[in-house]
>>> print(open('structure.txt').read())   # compact mmCIF, C-alpha atoms
# COMPACT_ATOMS: atom_id res chain seq x y z
CA MET A 1 -26.44 9.12 21.81
CA LYS A 2 -25.10 5.59 22.03
CA ASP A 3 -24.15 5.54 18.34
CA LYS A 4 -22.47 8.94 18.65
CA ASN A 5 -20.43 7.68 21.60
CA LYS A 6 -19.29 4.66 19.55
CA GLU A 7 -18.34 6.94 16.68
CA LEU A 8 -16.35 9.17 19.02
CA LYS A 9 -14.47 6.20 20.46
CA ASN A 10 -13.68 4.96 16.97
CA ARG A 11 -12.26 8.37 16.12
CA VAL A 12 -10.05 8.19 19.21
CA LEU A 13 -8.86 4.71 18.25
CA LYS A 14 -8.13 5.87 14.71
CA GLN A 15 -5.97 8.75 15.89
CA LEU A 16 -4.06 6.55 18.31
CA TYR A 17 -3.37 3.98 15.58
CA PHE A 18 -1.85 6.47 13.18
CA ARG A 19 -0.07 8.61 15.78
CA GLN A 20 0.83 5.77 18.17
CA SER A 21 0.56 7.73 21.44
CA MET A 22 -1.25 10.90 22.46
CA SER A 23 -2.48 12.88 25.45
CA HIS A 24 -6.08 13.87 26.17
CA ALA A 25 -5.30 17.41 25.02
CA ASP A 26 -3.79 16.21 21.73
CA LEU A 27 -6.80 14.01 21.04
CA SER A 28 -9.20 16.81 21.95
CA ALA A 29 -7.55 19.19 19.49
CA LEU A 30 -7.50 16.67 16.62
CA ILE A 31 -11.02 15.34 17.11
CA ASN A 32 -12.43 18.78 17.89
CA LYS A 33 -14.24 17.64 21.02
CA SER A 34 -14.01 19.05 24.51
CA LEU A 35 -11.40 17.71 26.93
CA PRO A 36 -13.97 16.18 29.34
CA ILE A 37 -15.75 14.34 26.49
CA VAL A 38 -12.49 12.93 25.13
CA SER A 39 -11.27 11.98 28.62
CA ARG A 40 -14.47 10.05 29.26
CA ALA A 41 -14.17 8.23 25.92
CA VAL A 42 -10.56 7.26 26.67
CA SER A 43 -11.54 6.00 30.13
CA GLU A 44 -14.24 3.79 28.59
CA LEU A 45 -11.78 2.43 26.03
CA ILE A 46 -9.37 1.58 28.83
CA GLU A 47 -12.16 -0.32 30.62
CA GLU A 48 -12.91 -2.17 27.37
CA GLY A 49 -9.28 -3.26 27.11
CA LEU A 50 -8.55 -1.33 23.91
CA VAL A 51 -6.40 1.53 25.25
CA VAL A 52 -3.60 1.62 27.83
CA GLU A 53 -1.73 4.32 29.71
CA GLN A 54 1.84 4.78 28.54
CA GLY A 55 3.04 6.98 31.40
CA TYR A 56 3.81 10.67 31.43
CA ALA A 57 5.10 12.71 28.51
CA PRO A 58 8.62 14.20 28.77
CA SER A 59 8.73 17.41 30.77
CA SER A 60 8.34 20.64 28.81
CA GLY A 61 8.29 22.94 31.80
CA GLY A 62 4.76 22.38 33.06
CA ARG A 63 2.68 19.54 34.39
CA ARG A 64 3.42 16.41 32.39
CA PRO A 65 0.33 14.95 30.69
CA LEU A 66 -0.49 11.26 30.65
CA ILE A 67 0.07 9.57 27.29
CA TYR A 68 -2.23 6.87 25.90
CA SER A 69 -1.80 4.27 23.18
CA LEU A 70 -3.68 1.30 21.76
CA ARG A 71 -3.39 -2.05 23.47
CA PRO A 72 -1.58 -4.15 20.84
CA ASP A 73 -3.72 -7.27 21.25
CA GLY A 74 -7.02 -5.45 21.76
CA MET A 75 -7.95 -5.72 18.08
CA PHE A 76 -6.50 -7.12 14.87
CA VAL A 77 -6.65 -6.38 11.14
CA LEU A 78 -6.29 -8.83 8.28
CA SER A 79 -4.18 -7.23 5.58
CA VAL A 80 -4.19 -8.53 1.98
CA ALA A 81 -1.91 -7.30 -0.82
CA MET A 82 -2.57 -8.57 -4.34
CA ASP A 83 -0.78 -8.18 -7.62
CA GLN A 84 -1.61 -9.69 -11.00
CA LEU A 85 0.14 -12.97 -10.22
CA SER A 86 0.16 -13.59 -6.47
CA THR A 87 -1.38 -12.58 -3.17
CA GLN A 88 0.02 -11.97 0.32
CA MET A 89 -1.88 -11.83 3.59
CA VAL A 90 -0.97 -11.30 7.22
CA MET A 91 -2.73 -10.50 10.50
CA VAL A 92 -1.44 -7.42 12.30
CA ASP A 93 -2.02 -5.97 15.75
CA MET A 94 -2.71 -2.36 16.70
CA LEU A 95 0.98 -1.49 16.58
CA ASN A 96 1.11 -2.71 12.96
CA ARG A 97 3.14 -5.73 13.96
CA PRO A 98 2.49 -9.11 12.31
CA VAL A 99 1.00 -11.71 14.64
CA THR A 100 1.01 -14.46 12.00
CA ASP A 101 3.43 -15.51 9.31
CA THR A 102 2.83 -13.80 5.98
CA GLU A 103 1.14 -16.25 3.62
CA THR A 104 1.92 -15.95 -0.08
CA PHE A 105 0.13 -17.92 -2.77
CA ASP A 106 -0.20 -17.85 -6.54
CA LEU A 107 -3.41 -16.26 -7.79
CA GLU A 108 -3.39 -14.98 -11.34
CA LEU A 109 -6.02 -12.31 -11.91
CA PRO A 110 -6.12 -11.90 -15.72
CA ARG A 111 -8.69 -14.16 -17.38
CA ASN A 112 -9.41 -16.01 -14.14
CA SER A 113 -13.14 -15.91 -13.40
CA PRO A 114 -12.95 -18.01 -10.18
CA ALA A 115 -10.31 -15.67 -8.69
CA LEU A 116 -12.72 -13.93 -6.32
CA SER A 117 -14.10 -17.16 -4.84
CA THR A 118 -10.55 -18.52 -4.54
CA LEU A 119 -9.45 -15.39 -2.72
CA THR A 120 -12.43 -15.57 -0.37
CA ASP A 121 -11.76 -19.22 0.46
CA ARG A 122 -8.09 -18.49 1.16
CA ILE A 123 -8.97 -15.58 3.47
CA LYS A 124 -11.49 -17.71 5.35
CA ALA A 125 -8.96 -20.51 5.80
CA PHE A 126 -6.28 -18.04 6.90
CA ILE A 127 -8.49 -16.56 9.61
CA LYS A 128 -9.30 -20.02 10.94
CA LYS A 129 -5.63 -21.01 10.90
CA SER A 130 -4.61 -17.82 12.73
CA GLY A 131 -6.46 -18.89 15.88
CA ILE A 132 -7.56 -15.29 16.50
CA GLN A 133 -11.14 -14.84 17.66
CA LYS A 134 -13.25 -13.35 14.90
CA GLU A 135 -14.79 -10.79 17.25
CA LYS A 136 -11.31 -9.32 17.72
CA ILE A 137 -10.79 -8.86 13.97
CA ILE A 138 -12.12 -5.43 13.07
CA GLY A 139 -11.86 -5.75 9.32
CA VAL A 140 -10.11 -6.93 6.18
CA GLY A 141 -8.21 -4.50 3.97
CA ILE A 142 -7.37 -5.56 0.41
CA GLY A 143 -5.13 -3.79 -2.08
CA MET A 144 -5.47 -4.95 -5.69
CA PRO A 145 -4.35 -3.87 -9.16
CA GLY A 146 -6.76 -2.50 -11.71
CA PHE A 147 -9.30 0.30 -12.00
CA VAL A 148 -10.75 0.15 -8.49
CA ASP A 149 -13.66 2.23 -7.22
CA PRO A 150 -13.35 1.88 -3.42
CA GLN A 151 -16.68 3.60 -2.80
CA LYS A 152 -18.68 1.24 -4.99
CA GLY A 153 -16.44 -1.73 -4.17
CA ILE A 154 -15.85 -2.51 -7.84
CA ASN A 155 -12.70 -3.45 -9.72
CA TYR A 156 -13.37 -2.76 -13.37
CA THR A 157 -10.31 -4.78 -14.43
CA PHE A 158 -10.26 -7.91 -12.27
CA LEU A 159 -12.37 -9.90 -9.77
CA ASP A 160 -15.86 -9.65 -11.20
CA ALA A 161 -18.38 -9.96 -8.36
CA GLY A 162 -21.45 -10.09 -10.61
CA GLU A 163 -24.41 -8.32 -9.07
CA SER A 164 -22.58 -7.81 -5.77
CA SER A 165 -19.62 -5.62 -4.86
CA ILE A 166 -16.27 -7.24 -4.06
CA PRO A 167 -16.39 -6.19 -0.37
CA GLY A 168 -20.01 -7.34 -0.17
CA TYR A 169 -19.20 -10.73 -1.65
CA ILE A 170 -16.27 -11.37 0.71
CA SER A 171 -17.97 -9.81 3.73
CA ASN A 172 -21.00 -12.07 3.34
CA ALA A 173 -18.71 -15.09 3.46
CA LEU A 174 -16.62 -13.87 6.41
CA ASP A 175 -19.14 -11.85 8.43
CA LEU A 176 -16.49 -9.11 8.72
CA PRO A 177 -16.15 -5.59 7.30
CA VAL A 178 -14.10 -5.63 4.07
CA TYR A 179 -12.50 -2.67 2.28
CA ILE A 180 -10.74 -2.59 -1.09
CA ASP A 181 -8.60 -0.06 -2.92
CA ASN A 182 -6.09 0.15 -5.73
CA ASP A 183 -2.74 -1.33 -4.72
CA SER A 184 -0.73 1.78 -5.62
CA SER A 185 -3.11 4.02 -3.68
CA LEU A 186 -2.54 1.85 -0.62
CA VAL A 187 1.23 1.92 -1.08
CA ALA A 188 0.92 5.72 -1.09
CA LEU A 189 -1.32 5.58 2.01
CA ALA A 190 1.36 3.55 3.80
CA GLU A 191 4.00 6.11 2.89
CA LEU A 192 1.72 8.96 3.96
CA LYS A 193 0.93 7.47 7.36
CA PHE A 194 4.14 5.64 8.24
CA GLY A 195 6.81 6.26 5.60
CA ALA A 196 8.76 8.88 3.69
CA ALA A 197 5.69 11.01 2.89
CA LYS A 198 4.57 11.34 6.52
CA SER A 199 3.55 14.94 7.29
CA LEU A 200 4.26 16.04 3.71
CA GLU A 201 1.75 17.99 1.66
CA ASN A 202 2.72 17.00 -1.87
CA ALA A 203 4.38 13.71 -2.78
CA MET A 204 4.29 11.12 -5.56
CA VAL A 205 4.72 7.41 -4.73
CA VAL A 206 5.77 5.19 -7.63
CA ASN A 207 4.84 1.53 -7.15
CA MET A 208 7.16 -0.54 -9.33
CA GLY A 209 5.67 -3.99 -9.79
CA TRP A 210 4.22 -5.93 -12.72
CA GLY A 211 2.99 -2.51 -13.80
CA ILE A 212 4.17 0.96 -12.79
CA GLY A 213 1.57 2.37 -10.41
CA LEU A 214 1.36 5.81 -8.86
CA GLY A 215 -0.16 7.09 -5.66
CA MET A 216 -0.59 10.86 -5.52
CA ILE A 217 -0.55 12.82 -2.28
CA VAL A 218 -1.86 16.36 -2.74
CA ASN A 219 -2.42 18.78 0.13
CA GLY A 220 -1.66 16.00 2.60
CA GLU A 221 -4.32 13.61 1.28
CA LEU A 222 -4.58 10.91 -1.37
CA PHE A 223 -5.62 12.46 -4.67
CA ARG A 224 -7.92 10.29 -6.75
CA GLY A 225 -9.13 12.61 -9.50
CA HIS A 226 -12.64 13.15 -10.80
CA SER A 227 -13.52 9.49 -11.41
CA GLY A 228 -11.20 8.01 -8.79
CA PHE A 229 -8.61 6.69 -11.25
CA ALA A 230 -5.87 9.31 -11.01
CA GLY A 231 -2.34 7.94 -11.00
CA GLU A 232 -2.34 5.57 -13.99
CA PHE A 233 1.36 6.24 -14.48
CA SER A 234 1.83 2.92 -16.30
CA HIS A 235 -0.19 4.15 -19.24
CA ILE A 236 1.30 7.52 -20.08
CA PRO A 237 2.26 7.22 -23.78
CA ILE A 238 6.01 7.86 -23.86
CA SER A 239 7.36 4.60 -25.28
CA GLU A 240 8.37 4.35 -28.92
CA ASN A 241 8.75 0.57 -29.02
CA GLY A 242 5.24 0.02 -30.38
CA ALA A 243 4.62 -2.86 -27.96
CA LEU A 244 0.99 -3.63 -27.18
CA CYS A 245 0.13 -2.91 -23.54
CA GLY A 246 -2.29 -4.96 -21.47
CA CYS A 247 -4.66 -1.98 -21.58
CA GLY A 248 -4.98 -2.42 -25.35
CA LYS A 249 -3.00 0.69 -26.29
CA ARG A 250 0.54 1.08 -27.60
CA GLY A 251 3.35 3.26 -26.31
CA CYS A 252 2.56 2.88 -22.59
CA LEU A 253 5.37 3.42 -20.08
CA GLU A 254 4.99 -0.05 -18.56
CA THR A 255 5.85 -1.77 -21.85
CA GLU A 256 9.47 -0.71 -21.27
CA CYS A 257 10.07 -0.77 -17.54
CA SER A 258 7.73 -2.98 -15.49
CA LEU A 259 9.04 -6.03 -13.66
CA LEU A 260 7.34 -8.19 -16.30
CA VAL A 261 9.51 -6.47 -18.89
CA VAL A 262 12.64 -6.93 -16.76
CA ALA A 263 11.84 -10.66 -16.43
CA ARG A 264 11.16 -11.00 -20.16
CA LYS A 265 14.39 -9.25 -21.13
CA ALA A 266 16.38 -11.37 -18.67
CA ARG A 267 14.95 -14.52 -20.24
CA GLU A 268 15.74 -13.25 -23.75
CA GLU A 269 19.32 -12.33 -22.84
CA ILE A 270 20.06 -15.70 -21.25
CA THR A 271 18.38 -17.55 -24.15
CA GLY A 272 20.49 -15.50 -26.55
CA GLY A 273 23.70 -16.69 -24.90
CA ARG A 274 24.47 -13.70 -22.66
CA VAL A 275 27.12 -14.60 -20.10
CA SER A 276 25.82 -13.96 -16.57
CA ASN A 277 25.83 -15.40 -13.08
CA LEU A 278 22.04 -15.33 -13.03
CA GLN A 279 20.77 -18.85 -12.41
CA PHE A 280 17.20 -19.50 -13.57
CA SER A 281 15.41 -21.59 -16.14
CA VAL A 282 13.88 -19.83 -19.12
CA ASN A 283 10.67 -21.69 -18.24
CA ASP A 284 10.56 -20.24 -14.71
CA PRO A 285 7.62 -17.93 -13.94
CA PRO A 286 8.25 -14.14 -13.79
CA GLU A 287 8.23 -14.14 -9.96
CA LYS A 288 11.14 -16.58 -9.82
CA ILE A 289 13.12 -14.74 -12.50
CA ILE A 290 12.65 -11.39 -10.73
CA GLU A 291 13.86 -12.89 -7.45
CA VAL A 292 17.03 -14.09 -9.18
CA VAL A 293 17.61 -10.85 -11.10
CA THR A 294 17.00 -8.74 -7.98
CA GLU A 295 19.49 -10.75 -5.97
CA GLY A 296 21.92 -10.57 -8.88
CA ALA A 297 21.61 -6.80 -9.00
CA ARG A 298 22.35 -6.58 -5.27
CA LYS A 299 25.52 -8.62 -5.88
CA GLY A 300 26.57 -6.50 -8.85
CA ASP A 301 25.81 -8.89 -11.72
CA GLN A 302 26.30 -6.80 -14.84
CA LEU A 303 23.24 -8.06 -16.71
CA ALA A 304 20.95 -7.61 -13.70
CA VAL A 305 22.24 -4.08 -13.09
CA GLU A 306 21.77 -3.21 -16.76
CA LEU A 307 18.20 -4.47 -16.78
CA PHE A 308 17.18 -2.44 -13.75
CA SER A 309 19.17 0.59 -14.91
CA ASP A 310 17.35 0.56 -18.25
CA ALA A 311 14.01 0.34 -16.43
CA GLY A 312 14.97 3.15 -14.06
CA TYR A 313 15.94 5.43 -16.94
CA VAL A 314 12.53 5.02 -18.60
CA ILE A 315 10.80 5.59 -15.26
CA GLY A 316 12.89 8.75 -14.92
CA LYS A 317 11.51 10.03 -18.24
CA GLY A 318 8.03 9.54 -16.83
CA LEU A 319 9.01 11.25 -13.57
CA ALA A 320 10.12 14.30 -15.52
CA ILE A 321 6.54 14.66 -16.75
CA LEU A 322 5.20 14.33 -13.20
CA ILE A 323 7.61 16.93 -11.89
CA HIS A 324 6.65 19.42 -14.59
CA ILE A 325 2.94 18.96 -13.91
CA MET A 326 2.74 18.38 -10.14
CA ASN A 327 5.91 19.99 -8.72
CA PRO A 328 6.02 17.49 -5.80
CA GLU A 329 8.23 17.84 -2.75
CA VAL A 330 9.35 14.23 -2.99
CA ILE A 331 9.00 11.23 -5.30
CA ILE A 332 9.25 7.88 -3.51
CA LEU A 333 10.14 4.65 -5.32
CA SER A 334 8.26 1.83 -3.63
CA GLY A 335 6.86 -1.64 -4.30
CA LYS A 336 8.77 -4.76 -5.34
CA GLY A 337 11.21 -2.70 -7.38
CA ALA A 338 12.32 -0.78 -4.30
CA ALA A 339 14.49 -3.79 -3.45
CA VAL A 340 17.02 -2.44 -5.97
CA GLY A 341 16.05 1.16 -5.38
CA ARG A 342 19.55 2.61 -5.43
CA ILE A 343 20.13 1.29 -8.95
CA LEU A 344 16.79 2.69 -10.08
CA LEU A 345 17.53 6.03 -8.41
CA ALA A 346 20.82 6.51 -10.23
CA SER A 347 19.38 5.85 -13.70
CA ALA A 348 16.15 7.76 -12.99
CA GLN A 349 18.20 10.74 -11.84
CA GLN A 350 20.21 10.55 -15.05
CA ALA A 351 16.98 10.77 -17.06
CA LEU A 352 15.81 13.71 -14.97
CA HIS A 353 19.03 15.58 -15.75
CA LYS A 354 18.25 15.12 -19.44
CA TYR A 355 14.48 15.65 -19.54
CA ALA A 356 13.49 17.81 -16.56
CA ILE A 357 13.89 21.56 -16.11
CA PRO A 358 16.60 21.94 -13.44
CA ARG A 359 14.72 24.55 -11.42
CA LEU A 360 11.79 22.15 -11.03
CA ALA A 361 13.74 18.89 -10.69
CA GLY A 362 16.04 20.50 -8.13
CA ALA A 363 13.07 21.19 -5.86
CA THR A 364 11.99 17.53 -5.83
CA SER A 365 13.89 14.91 -3.87
CA LEU A 366 13.97 11.34 -5.17
CA GLU A 367 13.95 8.66 -2.46
CA VAL A 368 13.63 4.91 -2.00
CA SER A 369 10.90 3.65 0.31
CA GLU A 370 12.04 2.29 3.64
CA LEU A 371 8.82 0.25 3.83
CA GLY A 372 9.95 -1.77 0.82
CA PRO A 373 7.88 -4.74 -0.32
CA ASN A 374 5.75 -4.54 2.87
CA ALA A 375 4.25 -1.20 1.85
CA GLY A 376 1.21 -2.86 0.26
CA LEU A 377 0.39 -4.87 3.39
CA ILE A 378 0.91 -1.84 5.63
CA GLY A 379 -1.36 0.22 3.40
CA ALA A 380 -4.09 -2.44 3.36
CA ALA A 381 -4.15 -2.47 7.16
CA ALA A 382 -4.21 1.33 7.22
CA LEU A 383 -7.21 1.24 4.86
CA VAL A 384 -9.28 -0.54 7.50
CA ILE A 385 -8.31 1.95 10.19
CA ASP A 386 -8.86 4.87 7.82
CA ASN A 387 -12.49 3.69 7.63
CA PHE A 388 -12.68 3.23 11.39
CA ASP A 389 -15.30 5.95 11.78
CA LYS A 390 -17.67 3.65 9.86
CA ILE A 391 -17.02 0.55 11.98
CA ARG A 392 -19.18 0.10 15.04
CA LEU A 393 -17.64 -1.56 18.05
CA SER A 394 -19.68 -4.41 19.48
>>> encode(input="structure.txt", output="structure tokens")
Amino acid sequence: MKDKNKELKNRVLKQLYFRQSMSHADLSALINKSLPIVSRAVSELIEEGLVVEQGYAPSSGGRRPLIYSLRPDGMFVLSVAMDQLSTQMVMVDMLNRPVTDTETFDLELPRNSPALSTLTDRIKAFIKKSGIQKEKIIGVGIGMPGFVDPQKGINYTFLDAGESSIPGYISNALDLPVYIDNDSSLVALAELKFGAAKSLENAMVVNMGWGIGLGMIVNGELFRGHSGFAGEFSHIPISENGALCGCGKRGCLETECSLLVVARKAREEITGGRVSNLQFSVNDPPEKIIEVVTEGARKGDQLAVELFSDAGYVIGKGLAILIHIMNPEVIILSGKGAAVGRILLASAQQALHKYAIPRLAGATSLEVSELGPNAGLIGAAALVIDNFDKIRLS
């Protein structure tokens, strides 16, 4: 009975996190438990300092119900967003607000066997530096690139944990629950819970980064496919440049339009004598070059706009395939590339006019994420709460 009561309270906390504020009746309907049982659970959570009363709901003609929400500083989540070259982490409260500065550090994943131990050490140091009591941290959510099996805790591409799982390895070092998932899936989760895909049944979320990821929302839930690897948009074979992709195949979408490609082309253009206001050294790392090119695109630099427009057009060709197969309500451009989303939208839309059947393309809206580069961190925090039913409160 005690374990069932903890599970019920976790379900209440989970609903309040994603919906921000609710009445007893709303919680009862969503959790499918009687009103007295839910009311008792909420009362206990108030006594434990995890839930607070928010006052009465606006009048709708009858008796106004009391509204409840999570106490912001009752619990915290450590959110970690990784890409192939760097990692970000931040501590957030129960209103998804950062309570620490976001820490960013270089951590290359390809061909880097100590990457997992380095990541673990950085997380441990970050928690200590935050000054937040460990008992108030309910978990660590980590989004990472690669073929990730969140159930087994394995990344088949990066971060080899040997005989252990990645969450098991990190959790043993931290003494905290740890959850992992593919970075693009978590970007999609962020959009589903807090962004442009909220309350939608069918949406595609394109994560433009060092690759071109895809999170698929089908029937209001993340769609992972039979083996859990659905959404490998980067590797649909539509390119004719013959370039070898990191996956070992040729013709993959990402060989023409990822941010790595944008950085490489920018370097080649400047080296070749192209006149531009872009100020970077050809020896600068891709992250630095992308920062400069992105800022240049915002200011209208012709080379920067061309580079992102070319990338957006190729992405649009890929989107035409998605639209024909999935018929989504909306396609959201997210990730690092969303910083120049309007440029990408224009060129992607141009490609859709050329390659997509108008009746299908006309039923799909193309939008830029309002969560922007924070989508990965928001999704990693949401991952922990999405597993809240499995976390036992002390």
>>> residues_around(input="structure.txt", residues="range 300-302 of chain A", least_positions_apart="3", cutoff="10 Å", atoms="only C-alpha atoms", output="compact mmCIF listing (two decimals) with C-alpha atoms, in the coordinates of the input")
# COMPACT_ATOMS: atom_id res chain seq x y z
CA VAL A 275 27.12 -14.60 -20.10
CA SER A 276 25.82 -13.96 -16.57
CA ASN A 277 25.83 -15.40 -13.08
CA LEU A 278 22.04 -15.33 -13.03
CA VAL A 293 17.61 -10.85 -11.10
CA THR A 294 17.00 -8.74 -7.98
CA GLU A 295 19.49 -10.75 -5.97
CA GLY A 296 21.92 -10.57 -8.88
CA ALA A 297 21.61 -6.80 -9.00
CA VAL A 305 22.24 -4.08 -13.09
CA GLU A 306 21.77 -3.21 -16.76
CA LEU A 307 18.20 -4.47 -16.78
>>> residues_around(input="structure.txt", residues="Ser171 in chain A", least_positions_apart="4", cutoff="12 Å", atoms="all atoms listed in the file", output="list of chain:residue names")
A:Ser117, A:Thr120, A:Asp121, A:Ile123, A:Lys124, A:Ile138, A:Gly139, A:Val140, A:Gly141, A:Ile142, A:Gly153, A:Ser164, A:Ser165, A:Ile166, A:Pro167, A:Asp175, A:Leu176, A:Pro177, A:Val178, A:Tyr179, A:Ile180
>>> atom_distance(input="structure.txt", atom1="CA of Gly273 in chain A", atom2="CA of Glu256 in chain A")
21.7 Å
>>> axis_aligned_box(input="structure.txt", around="range 42-53 of chain A", padding_each_side="8 Å", output="lines of an AutoDock Vina configuration file")
center_x = -8.0
center_y = 2.0
center_z = 27.3
size_x = 28.5
size_y = 26.5
size_z = 22.7
>>> closest_atom_pairs(input="structure.txt", of="range 55-173 of chain A", to="range 329-347 of chain A", cutoff="12 Å", atoms="all atoms listed in the file", output="Markdown table")
| residue | atom | partner | partner_atom | distance |
| --- | --- | --- | --- | --- |
| A:Ala81 | CA | A:Gly335 | CA | 11.0 |
| A:Met82 | CA | A:Gly335 | CA | 11.7 |
| A:Asp83 | CA | A:Lys336 | CA | 10.4 |
>>> closest_residue(input="structure.txt", among="A:Asp149, A:Glu191, A:Asp101, A:Glu44", to="Leu371 in chain A", atoms="only C-alpha atoms")
A:Glu191
>>> atom_distance(input="structure.txt", atom1="CA of Val187 in chain A", atom2="CA of Val384 in chain A")
13.8 Å
>>> closest_residue(input="structure.txt", among="A:Cys257, A:Val368, A:Ala188, A:Leu116", to="Tyr313 in chain A", atoms="all atoms listed in the file")
A:Cys257
>>> atom_distance(input="structure.txt", atom1="CA of Ile236 in chain A", atom2="CA of Ile323 in chain A")
14.0 Å
>>> residues_around(input="structure.txt", residues="Gln15 in chain A", least_positions_apart="3", cutoff="12 Å", atoms="all atoms listed in the file", output="PDB file with C-alpha atoms, keeping the file's coordinate frame")
ATOM      1  CA  LEU A   8     -16.350   9.170  19.020  1.00  0.00           C
ATOM      2  CA  LYS A   9     -14.470   6.200  20.460  1.00  0.00           C
ATOM      3  CA  ASN A  10     -13.680   4.960  16.970  1.00  0.00           C
ATOM      4  CA  ARG A  11     -12.260   8.370  16.120  1.00  0.00           C
ATOM      5  CA  VAL A  12     -10.050   8.190  19.210  1.00  0.00           C
ATOM      6  CA  PHE A  18      -1.850   6.470  13.180  1.00  0.00           C
ATOM      7  CA  ARG A  19      -0.070   8.610  15.780  1.00  0.00           C
ATOM      8  CA  GLN A  20       0.830   5.770  18.170  1.00  0.00           C
ATOM      9  CA  SER A  21       0.560   7.730  21.440  1.00  0.00           C
ATOM     10  CA  MET A  22      -1.250  10.900  22.460  1.00  0.00           C
ATOM     11  CA  SER A  23      -2.480  12.880  25.450  1.00  0.00           C
ATOM     12  CA  HIS A  24      -6.080  13.870  26.170  1.00  0.00           C
ATOM     13  CA  ASP A  26      -3.790  16.210  21.730  1.00  0.00           C
ATOM     14  CA  LEU A  27      -6.800  14.010  21.040  1.00  0.00           C
ATOM     15  CA  SER A  28      -9.200  16.810  21.950  1.00  0.00           C
ATOM     16  CA  ALA A  29      -7.550  19.190  19.490  1.00  0.00           C
ATOM     17  CA  LEU A  30      -7.500  16.670  16.620  1.00  0.00           C
ATOM     18  CA  ILE A  31     -11.020  15.340  17.110  1.00  0.00           C
ATOM     19  CA  VAL A  42     -10.560   7.260  26.670  1.00  0.00           C
ATOM     20  CA  VAL A  51      -6.400   1.530  25.250  1.00  0.00           C
ATOM     21  CA  TYR A  68      -2.230   6.870  25.900  1.00  0.00           C
ATOM     22  CA  SER A  69      -1.800   4.270  23.180  1.00  0.00           C
ATOM     23  CA  LEU A  70      -3.680   1.300  21.760  1.00  0.00           C
ATOM     24  CA  MET A  94      -2.710  -2.360  16.700  1.00  0.00           C
ATOM     25  CA  LYS A 193       0.930   7.470   7.360  1.00  0.00           C
ATOM     26  CA  ALA A 382      -4.210   1.330   7.220  1.00  0.00           C
ATOM     27  CA  ILE A 385      -8.310   1.950  10.190  1.00  0.00           C
ATOM     28  CA  ASP A 386      -8.860   4.870   7.820  1.00  0.00           C
ATOM     29  CA  ASN A 387     -12.490   3.690   7.630  1.00  0.00           C
ATOM     30  CA  PHE A 388     -12.680   3.230  11.390  1.00  0.00           C
ATOM     31  CA  ASP A 389     -15.300   5.950  11.780  1.00  0.00           C
TER      32      ASP A 389
END
>>> closest_residue(input="structure.txt", among="A:Gly220, A:Gly272, A:Gly49, A:Gly168", to="Ser199 in chain A", atoms="all atoms listed in the file")
A:Gly220
>>> decode(input="structure.txt", residues="range 378-389 of chain A", atoms="N, CA and C atoms", output="PDB file, in the first residue's frame")
ATOM      1  N   ILE A 378      15.539  21.341 -22.365  1.00  0.00           N
ATOM      2  CA  ILE A 378      14.160  21.225 -21.885  1.00  0.00           C
ATOM      3  C   ILE A 378      13.695  19.779 -22.021  1.00  0.00           C
ATOM      4  N   GLY A 379      14.037  19.156 -23.146  1.00  0.00           N
ATOM      5  CA  GLY A 379      13.638  17.772 -23.357  1.00  0.00           C
ATOM      6  C   GLY A 379      14.310  16.806 -22.405  1.00  0.00           C
ATOM      7  N   ALA A 380      15.582  17.065 -22.064  1.00  0.00           N
ATOM      8  CA  ALA A 380      16.292  16.180 -21.133  1.00  0.00           C
ATOM      9  C   ALA A 380      15.670  16.248 -19.741  1.00  0.00           C
ATOM     10  N   ALA A 381      15.248  17.444 -19.321  1.00  0.00           N
ATOM     11  CA  ALA A 381      14.560  17.569 -18.036  1.00  0.00           C
ATOM     12  C   ALA A 381      13.213  16.857 -18.084  1.00  0.00           C
ATOM     13  N   ALA A 382      12.503  17.025 -19.207  1.00  0.00           N
ATOM     14  CA  ALA A 382      11.201  16.370 -19.357  1.00  0.00           C
ATOM     15  C   ALA A 382      11.333  14.854 -19.342  1.00  0.00           C
ATOM     16  N   LEU A 383      12.470  14.340 -19.808  1.00  0.00           N
ATOM     17  CA  LEU A 383      12.705  12.892 -19.797  1.00  0.00           C
ATOM     18  C   LEU A 383      12.656  12.342 -18.379  1.00  0.00           C
ATOM     19  N   VAL A 384      13.265  13.063 -17.444  1.00  0.00           N
ATOM     20  CA  VAL A 384      13.268  12.613 -16.048  1.00  0.00           C
ATOM     21  C   VAL A 384      11.839  12.579 -15.514  1.00  0.00           C
ATOM     22  N   ILE A 385      11.088  13.650 -15.774  1.00  0.00           N
ATOM     23  CA  ILE A 385       9.718  13.710 -15.261  1.00  0.00           C
ATOM     24  C   ILE A 385       8.837  12.690 -15.968  1.00  0.00           C
ATOM     25  N   ASP A 386       9.108  12.419 -17.223  1.00  0.00           N
ATOM     26  CA  ASP A 386       8.319  11.439 -17.962  1.00  0.00           C
ATOM     27  C   ASP A 386       8.482  10.044 -17.363  1.00  0.00           C
ATOM     28  N   ASN A 387       9.594   9.834 -16.670  1.00  0.00           N
ATOM     29  CA  ASN A 387       9.842   8.557 -15.979  1.00  0.00           C
ATOM     30  C   ASN A 387       9.508   8.642 -14.493  1.00  0.00           C
ATOM     31  N   PHE A 388       8.771   9.674 -14.114  1.00  0.00           N
ATOM     32  CA  PHE A 388       8.520   9.940 -12.701  1.00  0.00           C
ATOM     33  C   PHE A 388       7.806   8.802 -12.002  1.00  0.00           C
ATOM     34  N   ASP A 389       6.971   8.083 -12.750  1.00  0.00           N
ATOM     35  CA  ASP A 389       6.231   6.965 -12.142  1.00  0.00           C
ATOM     36  C   ASP A 389       7.176   5.897 -11.613  1.00  0.00           C
TER      37      ASP A 389
END
